[in-house]
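Q: Please read through the structure below; I'll follow up with questions.
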Amino acid sequence: MKPFRFDGRRGSPVVVAHRGAPDRALENSLASFAAAVADGADMIEFDVRLSADGAAVVVHDARTGRTAKENVPVASATAARLRRVRLKNGEPLPFLADVLDLVGGKVPVNVESKAPGAMAAVARALRDAEYPGEVLLSSGLRDECLAARAHLPDLPCGLVTGRPSASDLAFCRRHGLASIHPDYRALSVLRTRKVRDAGLRLVPYTVNAAALFFRLADSGADGIFSDRAEALRAAWRERRLGR
């Protein structure tokens, strides 16, 4: 596995395909990830939780019901039980190993831990797969960010937060985190400047309008998370050609 480097983008902001390509396929499904890989996405983001027996499952919510045909609590179900869950598009609920195999290092990935202990399982899965691609880790749980630094110190990690508070910035700097991923609605000119002054990469979520994307990029964001990543990448290319 290789660390993802923001400075390899040649001035273009990173448009992260949030949960794959959910504008065209069910979020966090293999179909969604396959579409993003086919796009040649700048990066694909997905969420990881733990089964009751410690398997890394790719799902955003604590229960499967929003995207699956049955509503199973992830943390109290075994991997074998979760393997029987079918998503609303008919696919099986994906596990991390499935997604790593599908992406295969073709595009960078951002693996976000959604549950305590998930980052250790992520580290095991990446090593077991001998994953060849670029990786950015992240979590909204500070202990999971610390686990990322402990288990995979050569990979960058970002802190997911509602707004980039002074405490968040201090935590990132103290523990060598590379980036901070706030809700774009909580950003202000002052907060953006403080993130930049702290030496952190700024990647807000979830941005689906081109005008907003351009404004954030112009104000100093290094990238954005989007449910419409390919459409926004196309809009950015058109904007650059128009200059």
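FYI, nothing fancy with the structure tokens labels: chains A, B, ... in order, residues from 1 per chain, ligands from 1 as they appear.
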Residues within 9 Å of range 23-34 of chain A, please, as number ranges by chain. Count only C-alpha atoms; anything in the same chain fewer than 5 positions from it doesn't count.

A: A: 17-18, 39, 44-47, 58-60, 67, 87-89, 91-94, 98-99, 102-103, 227-229

Q: Since we have the selection now, will you write its residues out, keeping N, CA and C atoms, as a tab-separated table (two decimals), in the first residue's frame?

A:
chain	number	residue	atom	x	y	z
A	17	ALA	N	-14.97	10.62	-4.58
A	17	ALA	CA	-16.24	9.95	-4.90
A	17	ALA	C	-16.81	9.36	-3.61
A	18	HIS	N	-17.75	10.09	-3.02
A	18	HIS	CA	-18.30	9.79	-1.70
A	18	HIS	C	-19.21	8.56	-1.77
A	39	ASP	N	-14.80	5.54	-13.89
A	39	ASP	CA	-14.62	6.98	-14.11
A	39	ASP	C	-13.17	7.41	-14.00
A	44	ILE	N	-11.87	7.22	-4.11
A	44	ILE	CA	-13.15	6.67	-3.70
A	44	ILE	C	-13.17	6.57	-2.18
A	45	GLU	N	-14.23	7.11	-1.57
A	45	GLU	CA	-14.41	7.04	-0.12
A	45	GLU	C	-15.45	5.99	0.21
A	46	PHE	N	-15.21	5.24	1.30
A	46	PHE	CA	-16.23	4.32	1.80
A	46	PHE	C	-16.05	4.13	3.30
A	47	ASP	N	-17.11	3.60	3.93
A	47	ASP	CA	-17.20	3.49	5.39
A	47	ASP	C	-17.02	2.05	5.83
A	58	VAL	N	-18.34	-2.95	4.86
A	58	VAL	CA	-18.47	-1.64	4.24
A	58	VAL	C	-19.92	-1.20	4.26
A	59	VAL	N	-20.23	-0.34	5.21
A	59	VAL	CA	-21.60	0.16	5.40
A	59	VAL	C	-21.52	1.43	6.22
A	60	HIS	N	-22.36	2.40	5.92
A	60	HIS	CA	-22.31	3.67	6.64
A	60	HIS	C	-23.02	3.62	7.98
A	67	THR	N	-29.96	0.80	3.27
A	67	THR	CA	-29.47	0.39	1.95
A	67	THR	C	-29.70	-1.09	1.64
A	87	LEU	N	-28.33	-6.17	-0.43
A	87	LEU	CA	-28.64	-4.76	-0.60
A	87	LEU	C	-29.88	-4.58	-1.46
A	88	LYS	N	-30.39	-3.38	-1.49
A	88	LYS	CA	-31.61	-3.12	-2.25
A	88	LYS	C	-31.40	-3.27	-3.75
A	89	ASN	N	-30.16	-3.28	-4.21
A	89	ASN	CA	-29.90	-3.53	-5.63
A	89	ASN	C	-29.66	-5.01	-5.92
A	91	GLU	N	-27.30	-6.97	-4.65
A	91	GLU	CA	-25.93	-7.40	-4.35
A	91	GLU	C	-25.80	-7.80	-2.88
A	92	PRO	N	-24.78	-8.59	-2.56
A	92	PRO	CA	-24.48	-8.85	-1.14
A	92	PRO	C	-23.90	-7.62	-0.48
A	93	LEU	N	-24.10	-7.50	0.80
A	93	LEU	CA	-23.46	-6.44	1.58
A	93	LEU	C	-21.95	-6.62	1.43
A	94	PRO	N	-21.21	-5.58	1.00
A	94	PRO	CA	-19.78	-5.79	0.77
A	94	PRO	C	-18.95	-5.76	2.04
A	98	ASP	N	-13.74	-7.39	-0.20
A	98	ASP	CA	-14.41	-7.37	-1.51
A	98	ASP	C	-14.11	-6.06	-2.24
A	99	VAL	N	-14.18	-4.95	-1.51
A	99	VAL	CA	-13.97	-3.64	-2.13
A	99	VAL	C	-12.51	-3.47	-2.55
A	102	LEU	N	-12.01	-5.33	-5.71
A	102	LEU	CA	-12.62	-4.67	-6.86
A	102	LEU	C	-11.78	-3.47	-7.32
A	103	VAL	N	-11.39	-2.62	-6.37
A	103	VAL	CA	-10.64	-1.41	-6.74
A	103	VAL	C	-9.23	-1.78	-7.20
A	227	ASP	N	-21.24	13.38	-3.90
A	227	ASP	CA	-22.06	12.29	-4.42
A	227	ASP	C	-22.13	12.35	-5.95
A	228	ARG	N	-21.61	13.45	-6.51
A	228	ARG	CA	-21.63	13.67	-7.96
A	228	ARG	C	-20.20	13.93	-8.45
A	229	ALA	N	-19.28	13.10	-8.01
A	229	ALA	CA	-17.86	13.38	-8.24
A	229	ALA	C	-17.52	13.52	-9.72

Q: Just want the 10 Å neighbourhood of Arg185 in chain A, counted on only C-alpha atoms, with same-chain residues fewer than 2 positions away dropped. Output as a tab-separated table (two decimals) with N, CA and C atoms, in the first residue's frame.

A:
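So selection.tsv came out as:
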chain	number	residue	atom	x	y	z
A	162	GLY	N	-17.66	17.90	12.40
A	162	GLY	CA	-18.72	18.81	11.99
A	162	GLY	C	-18.17	20.16	11.61
A	163	ARG	N	-17.27	20.67	12.43
A	163	ARG	CA	-16.60	21.93	12.12
A	163	ARG	C	-15.17	21.85	12.66
A	182	PRO	N	-14.28	18.56	7.29
A	182	PRO	CA	-15.45	19.13	7.98
A	182	PRO	C	-16.68	19.21	7.08
A	183	ASP	N	-17.81	19.42	7.71
A	183	ASP	CA	-19.05	19.74	7.02
A	183	ASP	C	-18.86	21.12	6.37
A	187	LEU	N	-18.01	25.82	7.57
A	187	LEU	CA	-16.80	26.55	7.23
A	187	LEU	C	-17.08	28.05	7.10
A	188	SER	N	-16.11	28.82	7.49
A	188	SER	CA	-16.12	30.27	7.30
A	188	SER	C	-14.75	30.66	6.78
A	204	PRO	N	-13.68	19.37	2.66
A	204	PRO	CA	-15.04	19.38	3.23
A	204	PRO	C	-15.99	18.41	2.54
A	205	TYR	N	-17.06	18.06	3.28
A	205	TYR	CA	-18.11	17.18	2.75
A	205	TYR	C	-19.44	17.89	2.88
A	206	THR	N	-20.52	17.41	2.25
A	206	THR	CA	-20.61	16.68	1.02
A	206	THR	C	-21.11	17.68	-0.01
A	207	VAL	N	-20.35	17.95	-1.02
A	207	VAL	CA	-20.56	19.08	-1.94
A	207	VAL	C	-21.03	18.53	-3.29

Q: Identify, on the basis of only C-alpha atoms, every residue whose closest approach to Val189 in chain A does not exceed 10 Å; exclude the query and any residue fewer than 5 positions from it along the same chain; express the result as a list in words.

A: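 Residues meeting the cut-off are Lys194, Leu216, Ser219 and Gly220 of chain A.
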
Q: Store the residues picked out above, limited to C-alpha atoms, as a PDB file, in the first residue's frame.

A:
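File out_39.pdb, as written:
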ATOM      1  CA  LYS A 194      -7.001  28.560  10.554  1.00  0.00           C
ATOM      2  CA  LEU A 216     -14.545  26.216  -1.784  1.00  0.00           C
ATOM      3  CA  SER A 219     -11.047  29.800  -0.923  1.00  0.00           C
ATOM      4  CA  GLY A 220      -8.371  27.191  -0.215  1.00  0.00           C
TER       5      GLY A 220
END

Q: Using Å and a single decimal, report how far CA of Arg142 in chain A sits from CA of Ser51 in chain A.

A: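 Here the two named atoms are 20.5 Å from each other.
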